[in-house]
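File shown: query_34.txt (compact mmCIF, C-alpha atoms and all ligand atoms).
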```txt
# COMPACT_ATOMS: atom_id res chain seq x y z
CA MET A 1 -32.31 8.95 1.19
CA THR A 2 -32.10 5.42 2.59
CA THR A 3 -29.05 4.57 4.64
CA GLN A 4 -26.71 1.67 3.91
CA GLN A 5 -25.22 -0.57 6.58
CA LEU A 6 -21.52 -1.33 6.01
CA SER A 7 -19.38 -4.02 7.65
CA ILE A 8 -16.00 -2.42 8.38
CA ASN A 9 -12.78 -4.35 9.05
CA GLU A 10 -10.31 -1.45 9.39
CA VAL A 11 -10.35 2.34 9.75
CA PHE A 12 -7.02 4.16 9.68
CA GLU A 13 -5.34 7.32 8.45
CA THR A 14 -2.22 6.99 6.31
CA ILE A 15 -0.76 7.92 2.93
CA GLN A 16 -2.32 6.42 -0.22
CA GLY A 17 0.46 4.04 -1.24
CA GLU A 18 -0.75 2.91 -4.69
CA GLY A 19 -1.89 4.15 -8.05
CA PHE A 20 -2.63 7.63 -9.38
CA HIS A 21 -3.14 9.20 -5.91
CA THR A 22 0.08 7.80 -4.43
CA GLY A 23 1.33 10.18 -1.75
CA VAL A 24 -2.04 11.71 -0.85
CA PRO A 25 -2.96 11.62 2.88
CA ALA A 26 -6.04 9.44 3.16
CA ILE A 27 -8.50 7.85 5.52
CA PHE A 28 -8.88 4.16 4.68
CA LEU A 29 -12.13 2.30 5.23
CA ARG A 30 -11.71 -1.43 4.65
CA LEU A 31 -15.02 -3.26 4.16
CA GLN A 32 -15.50 -6.88 5.12
CA GLY A 33 -16.20 -9.66 2.61
CA CYS A 34 -14.75 -10.79 -0.72
CA PRO A 35 -15.63 -13.90 -2.74
CA VAL A 36 -13.06 -13.35 -5.55
CA GLY A 37 -10.26 -15.51 -4.13
CA CYS A 38 -6.97 -14.09 -5.47
CA PRO A 39 -4.27 -16.53 -4.24
CA TRP A 40 -1.80 -13.68 -3.60
CA CYS A 41 -4.30 -11.35 -1.88
CA ASP A 42 -2.65 -9.31 0.88
CA THR A 43 -5.91 -8.86 2.85
CA LYS A 44 -7.24 -12.43 3.25
CA HIS A 45 -8.52 -11.52 6.73
CA THR A 46 -11.33 -9.58 4.98
CA TRP A 47 -12.71 -12.46 2.92
CA THR A 48 -15.34 -13.93 5.24
CA LEU A 49 -18.20 -12.13 6.91
CA ASP A 50 -18.90 -14.19 10.03
CA ASP A 51 -21.04 -12.61 12.74
CA ALA A 52 -18.98 -14.39 15.38
CA PHE A 53 -16.39 -11.64 14.66
CA LEU A 54 -18.80 -8.69 15.01
CA THR A 55 -17.40 -6.15 17.51
CA THR A 56 -17.40 -2.41 18.27
CA ALA A 57 -16.01 0.50 16.27
CA GLU A 58 -13.55 1.23 19.09
CA ALA A 59 -12.20 -2.34 19.01
CA VAL A 60 -11.72 -2.17 15.23
CA VAL A 61 -10.01 1.25 15.29
CA GLU A 62 -7.62 -0.02 17.98
CA LYS A 63 -6.91 -3.46 16.46
CA PRO A 64 -3.39 -4.54 17.46
CA GLN A 65 -3.05 -6.67 14.31
CA GLU A 66 -5.02 -7.77 11.24
CA SER A 67 -8.04 -9.93 12.09
CA GLU A 68 -11.50 -10.84 10.84
CA ALA A 69 -13.10 -8.58 13.46
CA TYR A 70 -15.47 -5.95 12.06
CA PHE A 71 -18.19 -3.55 13.13
CA ASP A 72 -21.37 -2.44 11.40
CA ALA A 73 -22.12 1.23 10.73
CA ASP A 74 -24.14 3.32 8.31
CA GLU A 75 -22.71 6.34 6.47
CA ASN A 76 -23.75 8.79 9.23
CA ALA A 77 -21.90 6.74 11.85
CA VAL A 78 -18.82 6.57 9.58
CA LEU A 79 -18.74 10.36 9.19
CA ALA A 80 -19.24 10.84 12.95
CA LEU A 81 -16.37 8.41 13.61
CA PHE A 82 -13.98 10.33 11.30
CA GLU A 83 -14.88 13.53 13.18
CA GLN A 84 -14.54 11.85 16.59
CA LEU A 85 -11.09 10.52 15.62
CA LYS A 86 -10.10 14.06 14.51
CA TYR A 87 -8.66 12.82 11.24
CA THR A 88 -7.07 15.55 9.13
CA ALA A 89 -6.99 13.79 5.73
CA LYS A 90 -9.77 14.87 3.37
CA HIS A 91 -9.43 11.96 0.90
CA VAL A 92 -11.27 8.75 1.78
CA VAL A 93 -10.27 5.43 0.20
CA ILE A 94 -12.95 2.75 0.39
CA THR A 95 -11.35 -0.65 -0.06
CA GLY A 96 -11.70 -4.17 1.28
CA GLY A 97 -12.37 -6.93 0.84
CA GLU A 98 -14.54 -6.07 -2.11
CA PRO A 99 -16.23 -2.71 -1.38
CA CYS A 100 -18.55 -2.92 -4.38
CA MET A 101 -20.48 -5.71 -2.69
CA TYR A 102 -22.09 -2.70 -0.96
CA ASP A 103 -24.11 0.21 -2.32
CA LEU A 104 -21.63 3.07 -1.77
CA ILE A 105 -23.92 5.86 -3.04
CA PRO A 106 -25.11 7.04 0.42
CA LEU A 107 -21.57 7.08 1.89
CA THR A 108 -19.81 8.75 -1.05
CA ARG A 109 -22.53 11.43 -1.39
CA LEU A 110 -22.48 12.21 2.33
CA LEU A 111 -18.68 12.46 2.37
CA HIS A 112 -18.70 14.77 -0.67
CA GLN A 113 -21.30 16.99 1.04
CA HIS A 114 -18.87 17.30 3.98
CA GLY A 115 -15.86 18.32 1.90
CA TYR A 116 -14.14 14.96 1.46
CA SER A 117 -13.01 13.46 -1.84
CA THR A 118 -13.55 9.72 -2.24
CA GLN A 119 -11.89 6.82 -4.03
CA ILE A 120 -12.93 3.18 -4.37
CA GLU A 121 -10.51 0.28 -4.87
CA THR A 122 -12.39 -2.54 -6.60
CA SER A 123 -11.79 -5.77 -8.49
CA GLY A 124 -14.42 -4.91 -11.12
CA THR A 125 -16.49 -8.02 -10.35
CA TYR A 126 -19.50 -6.07 -9.00
CA GLU A 127 -21.46 -3.16 -10.42
CA VAL A 128 -19.89 0.04 -9.05
CA LYS A 129 -22.51 2.02 -7.08
CA CYS A 130 -21.12 5.38 -5.96
CA ASP A 131 -21.38 9.14 -6.54
CA ASP A 132 -20.36 10.45 -9.98
CA ASP A 133 -17.48 12.38 -8.37
CA THR A 134 -15.89 9.31 -6.78
CA TRP A 135 -12.54 8.27 -8.24
CA VAL A 136 -12.84 4.59 -9.16
CA THR A 137 -9.73 2.44 -9.32
CA VAL A 138 -10.44 -0.92 -10.94
CA SER A 139 -7.84 -3.60 -10.34
CA PRO A 140 -9.31 -6.36 -12.54
CA LYS A 141 -9.21 -9.93 -11.30
CA VAL A 142 -9.33 -12.48 -14.15
CA ASP A 143 -9.97 -16.24 -13.63
CA MET A 144 -9.64 -16.28 -9.86
CA LYS A 145 -10.92 -19.12 -7.66
CA GLY A 146 -14.25 -17.39 -6.97
CA GLY A 147 -15.03 -17.65 -10.71
CA MET A 148 -16.43 -14.12 -10.94
CA PRO A 149 -16.17 -12.32 -14.29
CA VAL A 150 -14.85 -8.76 -14.61
CA LEU A 151 -17.78 -6.55 -15.63
CA THR A 152 -17.46 -4.31 -18.67
CA SER A 153 -19.56 -1.70 -16.81
CA ALA A 154 -16.90 -1.53 -14.08
CA LEU A 155 -14.10 -1.11 -16.64
CA GLN A 156 -16.12 1.68 -18.29
CA ARG A 157 -16.62 3.45 -14.94
CA ALA A 158 -12.91 3.26 -14.05
CA ASN A 159 -10.98 6.52 -13.74
CA GLU A 160 -7.90 4.35 -13.42
CA ILE A 161 -7.08 0.72 -14.12
CA LYS A 162 -4.39 -0.64 -11.81
CA HIS A 163 -3.52 -4.12 -12.93
CA PRO A 164 -1.60 -6.54 -10.69
CA VAL A 165 1.13 -8.33 -12.63
CA ALA A 166 3.50 -11.22 -11.88
CA MET A 167 3.95 -12.74 -15.37
CA GLU A 168 3.38 -12.06 -19.10
CA ARG A 169 0.01 -13.82 -18.94
CA HIS A 170 -1.33 -11.05 -16.71
CA VAL A 171 -0.43 -8.39 -19.31
CA GLU A 172 -2.20 -10.47 -21.98
CA GLU A 173 -5.29 -10.68 -19.74
CA LEU A 174 -5.30 -6.90 -19.42
CA ASP A 175 -5.02 -6.51 -23.21
CA ALA A 176 -8.11 -8.73 -23.59
CA LEU A 177 -10.06 -6.62 -21.08
CA LEU A 178 -9.05 -3.34 -22.74
CA ALA A 179 -10.11 -4.73 -26.15
CA ARG A 180 -13.68 -4.87 -24.77
CA LEU A 181 -13.64 -1.08 -24.42
CA GLY A 182 -13.30 -0.50 -28.16
CA GLY A 183 -10.77 2.34 -27.91
CA GLN A 184 -12.58 4.14 -25.04
CA LEU A 185 -9.72 3.56 -22.62
CA PRO A 186 -9.58 5.00 -19.08
CA ALA A 187 -7.40 8.07 -18.65
CA HIS A 188 -4.85 6.19 -16.55
CA ILE A 189 -3.58 2.64 -16.83
CA CYS A 190 -0.95 1.39 -14.43
CA LEU A 191 0.67 -1.92 -13.66
CA GLN A 192 1.41 -2.99 -10.09
CA PRO A 193 3.95 -5.76 -9.36
CA ILE A 194 2.46 -8.54 -7.24
CA SER A 195 4.03 -8.82 -3.76
CA GLN A 196 7.13 -6.71 -4.59
CA GLN A 197 8.68 -9.66 -6.45
CA GLN A 198 11.79 -8.56 -8.36
CA ARG A 199 10.82 -10.50 -11.52
CA ALA A 200 7.36 -8.95 -11.47
CA THR A 201 8.82 -5.48 -10.95
CA ASP A 202 11.26 -5.93 -13.87
CA LEU A 203 8.42 -7.09 -16.16
CA VAL A 204 6.20 -4.19 -15.09
CA ILE A 205 8.94 -1.60 -15.71
CA LYS A 206 9.65 -3.03 -19.18
CA THR A 207 5.95 -3.18 -20.11
CA CYS A 208 5.17 0.31 -18.79
CA ILE A 209 7.96 1.81 -20.88
CA GLU A 210 6.87 -0.10 -24.02
CA ARG A 211 3.18 0.82 -23.61
CA ASN A 212 3.60 4.27 -22.07
CA TRP A 213 1.65 3.12 -19.00
CA ARG A 214 2.35 4.06 -15.37
CA LEU A 215 4.17 2.09 -12.71
CA SER A 216 2.29 1.62 -9.41
CA LEU A 217 4.31 0.34 -6.47
CA GLN A 218 2.80 -0.53 -3.10
CA THR A 219 4.95 2.25 -1.66
CA HIS A 220 3.55 1.88 1.90
CA LYS A 221 5.12 -1.58 2.05
CA TYR A 222 8.58 -0.21 1.18
CA ILE A 223 8.41 2.39 3.97
CA GLY A 224 6.69 0.19 6.56
CA ILE A 225 3.43 2.08 7.05
CA GLU A 226 -0.12 0.71 7.05
C1 LIG A 301 -6.72 -5.84 -1.19
S1 LIG A 301 -7.43 -5.16 -2.63
C2 LIG A 301 -9.04 -4.66 -2.04
C3 LIG A 301 -9.91 -4.01 -3.09
C4 LIG A 301 -10.48 -4.90 -4.18
N1 LIG A 301 -10.92 -6.16 -3.70
C5 LIG A 301 -9.46 -5.09 -5.27
O1 LIG A 301 -8.96 -6.20 -5.43
O2 LIG A 301 -9.17 -4.10 -5.96
C6 LIG A 301 -6.60 -3.59 -2.81
C7 LIG A 301 -5.52 -3.51 -3.85
O3 LIG A 301 -4.44 -4.33 -3.46
C8 LIG A 301 -3.98 -5.04 -4.58
N2 LIG A 301 -3.27 -6.20 -4.09
C9 LIG A 301 -3.73 -7.16 -3.25
N3 LIG A 301 -2.77 -8.06 -2.96
C10 LIG A 301 -1.68 -7.67 -3.63
C11 LIG A 301 -0.35 -8.18 -3.76
N4 LIG A 301 0.03 -9.29 -3.12
N5 LIG A 301 0.51 -7.52 -4.54
C12 LIG A 301 0.13 -6.40 -5.22
N6 LIG A 301 -1.09 -5.86 -5.15
C13 LIG A 301 -1.99 -6.50 -4.37
C14 LIG A 301 -5.26 -5.32 -5.36
O4 LIG A 301 -5.01 -5.65 -6.70
C15 LIG A 301 -5.96 -4.00 -5.23
O5 LIG A 301 -5.46 -3.10 -6.19
N1 LIG A 302 -1.09 2.94 2.41
C1 LIG A 302 -1.93 2.11 1.76
N2 LIG A 302 -2.28 2.38 0.49
C2 LIG A 302 -3.16 1.54 -0.12
N3 LIG A 302 -3.69 1.68 -1.36
C3 LIG A 302 -4.57 0.68 -1.56
C4 LIG A 302 -4.60 -0.13 -0.42
C5 LIG A 302 -5.58 -1.21 -0.26
O1 LIG A 302 -5.35 -2.15 0.51
O2 LIG A 302 -6.61 -1.14 -0.93
C6 LIG A 302 -3.69 0.41 0.49
C7 LIG A 302 -3.26 0.10 1.83
O3 LIG A 302 -3.61 -0.91 2.45
N4 LIG A 302 -2.38 1.00 2.40
S1 LIG A 303 -10.48 -9.12 -5.13
FE1 LIG A 303 -9.22 -7.82 -3.82
S2 LIG A 303 -9.75 -8.37 -1.68
FE2 LIG A 303 -10.65 -9.93 -3.02
S3 LIG A 303 -9.15 -11.58 -3.01
FE3 LIG A 303 -8.64 -10.26 -4.77
S4 LIG A 303 -7.17 -8.73 -4.03
FE4 LIG A 303 -8.11 -9.71 -2.23
MG MG A 304 -3.43 -2.93 0.94
```
In structure tokens, write the structure found in this file.
Amino acid sequence: MTTQQLSINEVFETIQGEGFHTGVPAIFLRLQGCPVGCPWCDTKHTWTLDDAFLTTAEAVVEKPQESEAYFDADENAVLALFEQLKYTAKHVVITGGEPCMYDLIPLTRLLHQHGYSTQIETSGTYEVKCDDDTWVTVSPKVDMKGGMPVLTSALQRANEIKHPVAMERHVEELDALLARLGGQLPAHICLQPISQQQRATDLVIKTCIERNWRLSLQTHKYIGIE
């Protein structure tokens, strides 16, 4: 199988803070690059891929704070790095940036062969290329500055939709996306308040109860972990 080079902004071990797998120990791999342009994005340091910021794996693993620095590695180097770092988590979350800018089939297959489970966090604006056993969380981004449409194929692939919400309009946007699926809804739909705002959280709680959807909080931010 051909290998795929990945540009990696962060590698760390923590607890999955969001969505269906909240609470699961996980290795996070944050890929560099995202053209979507959400104004409230909490990882803006991953947006640009500028080779002036290319560095080593060691420098990225030991980053003192968020930065645009990244390293390049293929799936074999990623697996070797996890083993070298002696990580104990067996769940790998591939996020970004926008991870679906990359072909994630080689990485997800290799990780599955070595006993890991995998999850992708994506905006749904790129075709999702990964192993069939990967858990795909689509957090759809509608009408953002980058002008990229949410793909129906990504919504159909989603094991979980995790929709960021600050106002009623965002719930209406989700309704319009779900209408495209003609009743074939993903098994799990959750709403996530944007930036822990109290008004957003109140709206999400009310809507989740009305619709029988799940609440997703960014729990890592409440307990001060990565
Ligand atoms: C930083 S994004 C990276 C993955 C991918 N680009 C995406 O948007 O799904 C990871 C998750 O964080 C969420 N997120 C980003 N900024 C947020 C914020 N300020 N409040 C709540 N959720 C946020 C996104 O919606 C997504 O579910
Ligand atoms: N603990 C923790 N959980 C997360 N779930 C999704 C995250 C992301 O940035 O994609 C994230 C993150 O950055 N940290
Ligand atoms: S799609 Fe994801 S990484 Fe890109 S700007 Fe939006 S929240 Fe940030
Ligand atoms: Mg995050």
Near-segment 99-116 of chain A list (7 Å; only C-alpha atoms; drop same-chain fewer than 5 positions) as a list in words: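 These residues fall inside the cut-off: Thr3, Gln4, Leu31, Glu75, Lys90, His91, Val92, Ile94, Thr122, Tyr126, Glu127, Val128, Lys129, Cys130, Asp131 and Thr134 of chain A.
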Please write out the residues within 9 Å of ligand MG 304 (chain A) as a PDB file with C-alpha atoms, keeping the file's coordinate frame, counting all atoms listed in the file.
```
ATOM      1  CA  GLY A  17       0.460   4.040  -1.240  1.00  0.00           C
ATOM      2  CA  GLU A  18      -0.750   2.910  -4.690  1.00  0.00           C
ATOM      3  CA  CYS A  41      -4.300 -11.350  -1.880  1.00  0.00           C
ATOM      4  CA  ASP A  42      -2.650  -9.310   0.880  1.00  0.00           C
ATOM      5  CA  THR A  43      -5.910  -8.860   2.850  1.00  0.00           C
ATOM      6  CA  THR A  95     -11.350  -0.650  -0.060  1.00  0.00           C
ATOM      7  CA  GLY A  96     -11.700  -4.170   1.280  1.00  0.00           C
ATOM      8  CA  GLN A 218       2.800  -0.530  -3.100  1.00  0.00           C
ATOM      9  CA  HIS A 220       3.550   1.880   1.900  1.00  0.00           C
ATOM     10  CA  LYS A 221       5.120  -1.580   2.050  1.00  0.00           C
ATOM     11  CA  GLU A 226      -0.120   0.710   7.050  1.00  0.00           C
TER      12      GLU A 226
END
```
Chain A residues near ligand LIG 303 (chain A) within 12 Å, closest pair each, using all atoms listed in the file, as CSV:
```
residue,atom,partner,partner_atom,distance
A:Asn9,CA,A:LIG303,S2,11.9
A:Arg30,CA,A:LIG303,S2,9.6
A:Leu31,CA,A:LIG303,S2,9.4
A:Gln32,CA,A:LIG303,S2,9.0
A:Gly33,CA,A:LIG303,S2,7.9
A:Cys34,CA,A:LIG303,FE2,4.8
A:Pro35,CA,A:LIG303,FE2,6.4
A:Val36,CA,A:LIG303,FE2,4.9
A:Gly37,CA,A:LIG303,S3,4.2
A:Cys38,CA,A:LIG303,S3,4.1
A:Pro39,CA,A:LIG303,S3,7.1
A:Trp40,CA,A:LIG303,S4,7.3
A:Cys41,CA,A:LIG303,FE4,4.2
A:Asp42,CA,A:LIG303,FE4,6.3
A:Thr43,CA,A:LIG303,FE4,5.6
A:Lys44,CA,A:LIG303,FE4,6.2
A:His45,CA,A:LIG303,S2,9.1
A:Thr46,CA,A:LIG303,S2,7.0
A:Trp47,CA,A:LIG303,FE2,6.8
A:Thr48,CA,A:LIG303,FE2,10.3
A:Ile94,CA,A:LIG303,S2,11.8
A:Thr95,CA,A:LIG303,S2,8.0
A:Gly96,CA,A:LIG303,S2,5.5
A:Gly97,CA,A:LIG303,S2,3.9
A:Glu98,CA,A:LIG303,S2,5.3
A:Pro99,CA,A:LIG303,S2,8.6
A:Cys100,CA,A:LIG303,S1,10.2
A:Met101,CA,A:LIG303,FE2,10.7
A:Ile120,CA,A:LIG303,FE1,11.6
A:Glu121,CA,A:LIG303,FE1,8.3
A:Thr122,CA,A:LIG303,FE1,6.8
A:Ser123,CA,A:LIG303,S1,4.9
A:Gly124,CA,A:LIG303,S1,8.3
A:Thr125,CA,A:LIG303,S1,8.0
A:Tyr126,CA,A:LIG303,S1,10.3
A:Thr137,CA,A:LIG303,FE1,11.7
A:Val138,CA,A:LIG303,FE1,10.0
A:Ser139,CA,A:LIG303,FE1,7.9
A:Pro140,CA,A:LIG303,S1,8.0
A:Lys141,CA,A:LIG303,S1,6.4
A:Val142,CA,A:LIG303,FE3,9.7
A:Asp143,CA,A:LIG303,FE3,10.8
A:Met144,CA,A:LIG303,FE3,7.9
A:Lys145,CA,A:LIG303,S3,9.0
A:Gly146,CA,A:LIG303,S3,8.7
A:Gly147,CA,A:LIG303,S1,11.2
A:Met148,CA,A:LIG303,S1,9.7
A:Pro149,CA,A:LIG303,S1,11.2
A:Val150,CA,A:LIG303,S1,10.4
A:Lys162,CA,A:LIG303,S4,11.6
A:His163,CA,A:LIG303,S4,10.7
A:Pro164,CA,A:LIG303,S4,9.0
A:Val165,CA,A:LIG303,S4,12.0
A:Gln192,CA,A:LIG303,S4,12.0
A:Ile194,CA,A:LIG303,S4,10.2
A:Ser195,CA,A:LIG303,S4,11.2
```
Distance query segment 52-65 of chain A at most 9 Å, all atoms listed in the file, self and fewer than 4 positions along chain excluded, as a list in words: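 Counting all atoms listed in the file, the residues come to Ser7, Ile8, Asn9, Glu10, Val11, Phe12, Ala69, Tyr70, Phe71, Asp72, Ala73 and Leu81 of chain A.
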Written file, previous selection with C-alpha atoms, as a short mmCIF file (atom, residue, chain, number, x, y, z; two decimals), in the coordinates of the input:
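selection.cif, written as the output of this step:
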```cif
data_model
loop_
_atom_site.label_atom_id
_atom_site.label_comp_id
_atom_site.auth_asym_id
_atom_site.auth_seq_id
_atom_site.Cartn_x
_atom_site.Cartn_y
_atom_site.Cartn_z
CA SER A 7 -19.38 -4.02 7.65
CA ILE A 8 -16.00 -2.42 8.38
CA ASN A 9 -12.78 -4.35 9.05
CA GLU A 10 -10.31 -1.45 9.39
CA VAL A 11 -10.35 2.34 9.75
CA PHE A 12 -7.02 4.16 9.68
CA ALA A 69 -13.10 -8.58 13.46
CA TYR A 70 -15.47 -5.95 12.06
CA PHE A 71 -18.19 -3.55 13.13
CA ASP A 72 -21.37 -2.44 11.40
CA ALA A 73 -22.12 1.23 10.73
CA LEU A 81 -16.37 8.41 13.61
#
```
Of the listed residues A:Glu210, A:Glu13, A:Glu168, A:Asp74, that which approaches Ala89 of chain A most closely, counting all atoms listed in the file: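 Selected residue with least distance to Ala89 of chain A: A:Glu13.
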Thr152 of chain A surroundings by only C-alpha atoms, 9 Å radius, close-in-sequence under 2 positions cut, as a list in words: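 Counting only C-alpha atoms, the residues come to Gly124, Val150, Ala154, Leu155, Gln156, Arg157, Leu177, Arg180 and Leu181 of chain A.
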Distance criterion (all atoms listed in the file): nearest to Ile15 of chain A out of A:Glu160, A:Thr207, A:Asn212, A:Thr88: A:Thr88
For ligand LIG 301 (chain A), what centre and edge lengths in Å (one decimal) does the axis-aligned box get once 8 Å is added on each side of all its listed atoms, as lines of an AutoDock Vina configuration file?
```
center_x = -5.2
center_y = -6.2
center_z = -3.9
size_x = 27.4
size_y = 22.2
size_z = 21.5
```
Two-atom distance - atom CA of Asn76 of chain A, atom CA of Thr2 of chain A (Å):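 Calculated distance between atom CA of Asn76 of chain A and atom CA of Thr2 of chain A is 11.2 Å.
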Pick from A:Leu79, A:Cys208, A:Val136, A:Leu85 nearest to ligand LIG 302 (chain A), counting only C-alpha atoms and all ligand atoms: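 That would be A:Val136, the residue with the smallest distance to ligand LIG 302 (chain A).
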Of the listed residues A:Thr201, A:Ser117, A:Gln196, A:Gln5, that which approaches ligand LIG 301 (chain A) most closely, counting all atoms listed in the file: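 Residue with the minimum atom-to-atom distance to ligand LIG 301 (chain A): A:Gln196.
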Computed interatomic separation between atom O1 of ligand LIG 302 (chain A) and atom CA of Cys190 of chain A (Å):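 Between atom O1 of ligand LIG 302 (chain A) and atom CA of Cys190 of chain A the gap is 16.0 Å.
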Among the residues A:Ala176, A:Ala26, A:Ala200, A:Ala187, the one that comes closest to ligand LIG 301 (chain A) [using only C-alpha atoms and all ligand atoms]: A:Ala200
Kindly write segment 169-206 of chain A with C-alpha atoms to a file, as a PDB file, in the first residue's frame.
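File written: selection_14.pdb
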```
ATOM      1  CA  ARG A 169     -29.947  29.839  13.442  1.00  0.00           C
ATOM      2  CA  HIS A 170     -27.397  27.084  14.007  1.00  0.00           C
ATOM      3  CA  VAL A 171     -30.135  24.597  14.968  1.00  0.00           C
ATOM      4  CA  GLU A 172     -32.057  25.568  11.807  1.00  0.00           C
ATOM      5  CA  GLU A 173     -28.901  24.968   9.734  1.00  0.00           C
ATOM      6  CA  LEU A 174     -28.585  21.496  11.229  1.00  0.00           C
ATOM      7  CA  ASP A 175     -32.240  20.747  10.430  1.00  0.00           C
ATOM      8  CA  ALA A 176     -31.563  21.682   6.781  1.00  0.00           C
ATOM      9  CA  LEU A 177     -28.531  19.364   6.656  1.00  0.00           C
ATOM     10  CA  LEU A 178     -30.429  16.464   8.233  1.00  0.00           C
ATOM     11  CA  ALA A 179     -33.278  16.943   5.723  1.00  0.00           C
ATOM     12  CA  ARG A 180     -30.769  16.000   2.984  1.00  0.00           C
ATOM     13  CA  LEU A 181     -30.442  12.543   4.536  1.00  0.00           C
ATOM     14  CA  GLY A 182     -34.077  11.649   3.880  1.00  0.00           C
ATOM     15  CA  GLY A 183     -34.694   9.925   7.221  1.00  0.00           C
ATOM     16  CA  GLN A 184     -31.373   7.987   7.210  1.00  0.00           C
ATOM     17  CA  LEU A 185     -30.066   9.835  10.252  1.00  0.00           C
ATOM     18  CA  PRO A 186     -26.786   9.003  12.023  1.00  0.00           C
ATOM     19  CA  ALA A 187     -27.116   6.971  15.206  1.00  0.00           C
ATOM     20  CA  HIS A 188     -26.002   9.873  17.391  1.00  0.00           C
ATOM     21  CA  ILE A 189     -26.714  13.579  17.094  1.00  0.00           C
ATOM     22  CA  CYS A 190     -25.342  15.968  19.676  1.00  0.00           C
ATOM     23  CA  LEU A 191     -25.175  19.705  20.107  1.00  0.00           C
ATOM     24  CA  GLN A 192     -22.074  21.415  21.470  1.00  0.00           C
ATOM     25  CA  PRO A 193     -22.254  24.964  22.893  1.00  0.00           C
ATOM     26  CA  ILE A 194     -19.761  27.290  21.219  1.00  0.00           C
ATOM     27  CA  SER A 195     -17.023  28.545  23.574  1.00  0.00           C
ATOM     28  CA  GLN A 196     -18.844  27.568  26.814  1.00  0.00           C
ATOM     29  CA  GLN A 197     -21.135  30.609  26.484  1.00  0.00           C
ATOM     30  CA  GLN A 198     -23.976  30.431  29.011  1.00  0.00           C
ATOM     31  CA  ARG A 199     -26.628  31.486  26.452  1.00  0.00           C
ATOM     32  CA  ALA A 200     -25.407  28.845  24.017  1.00  0.00           C
ATOM     33  CA  THR A 201     -25.402  26.198  26.743  1.00  0.00           C
ATOM     34  CA  ASP A 202     -28.972  27.099  27.797  1.00  0.00           C
ATOM     35  CA  LEU A 203     -30.168  26.889  24.169  1.00  0.00           C
ATOM     36  CA  VAL A 204     -28.405  23.559  23.637  1.00  0.00           C
ATOM     37  CA  ILE A 205     -29.908  22.033  26.807  1.00  0.00           C
ATOM     38  CA  LYS A 206     -33.422  23.160  25.802  1.00  0.00           C
TER      39      LYS A 206
END
```
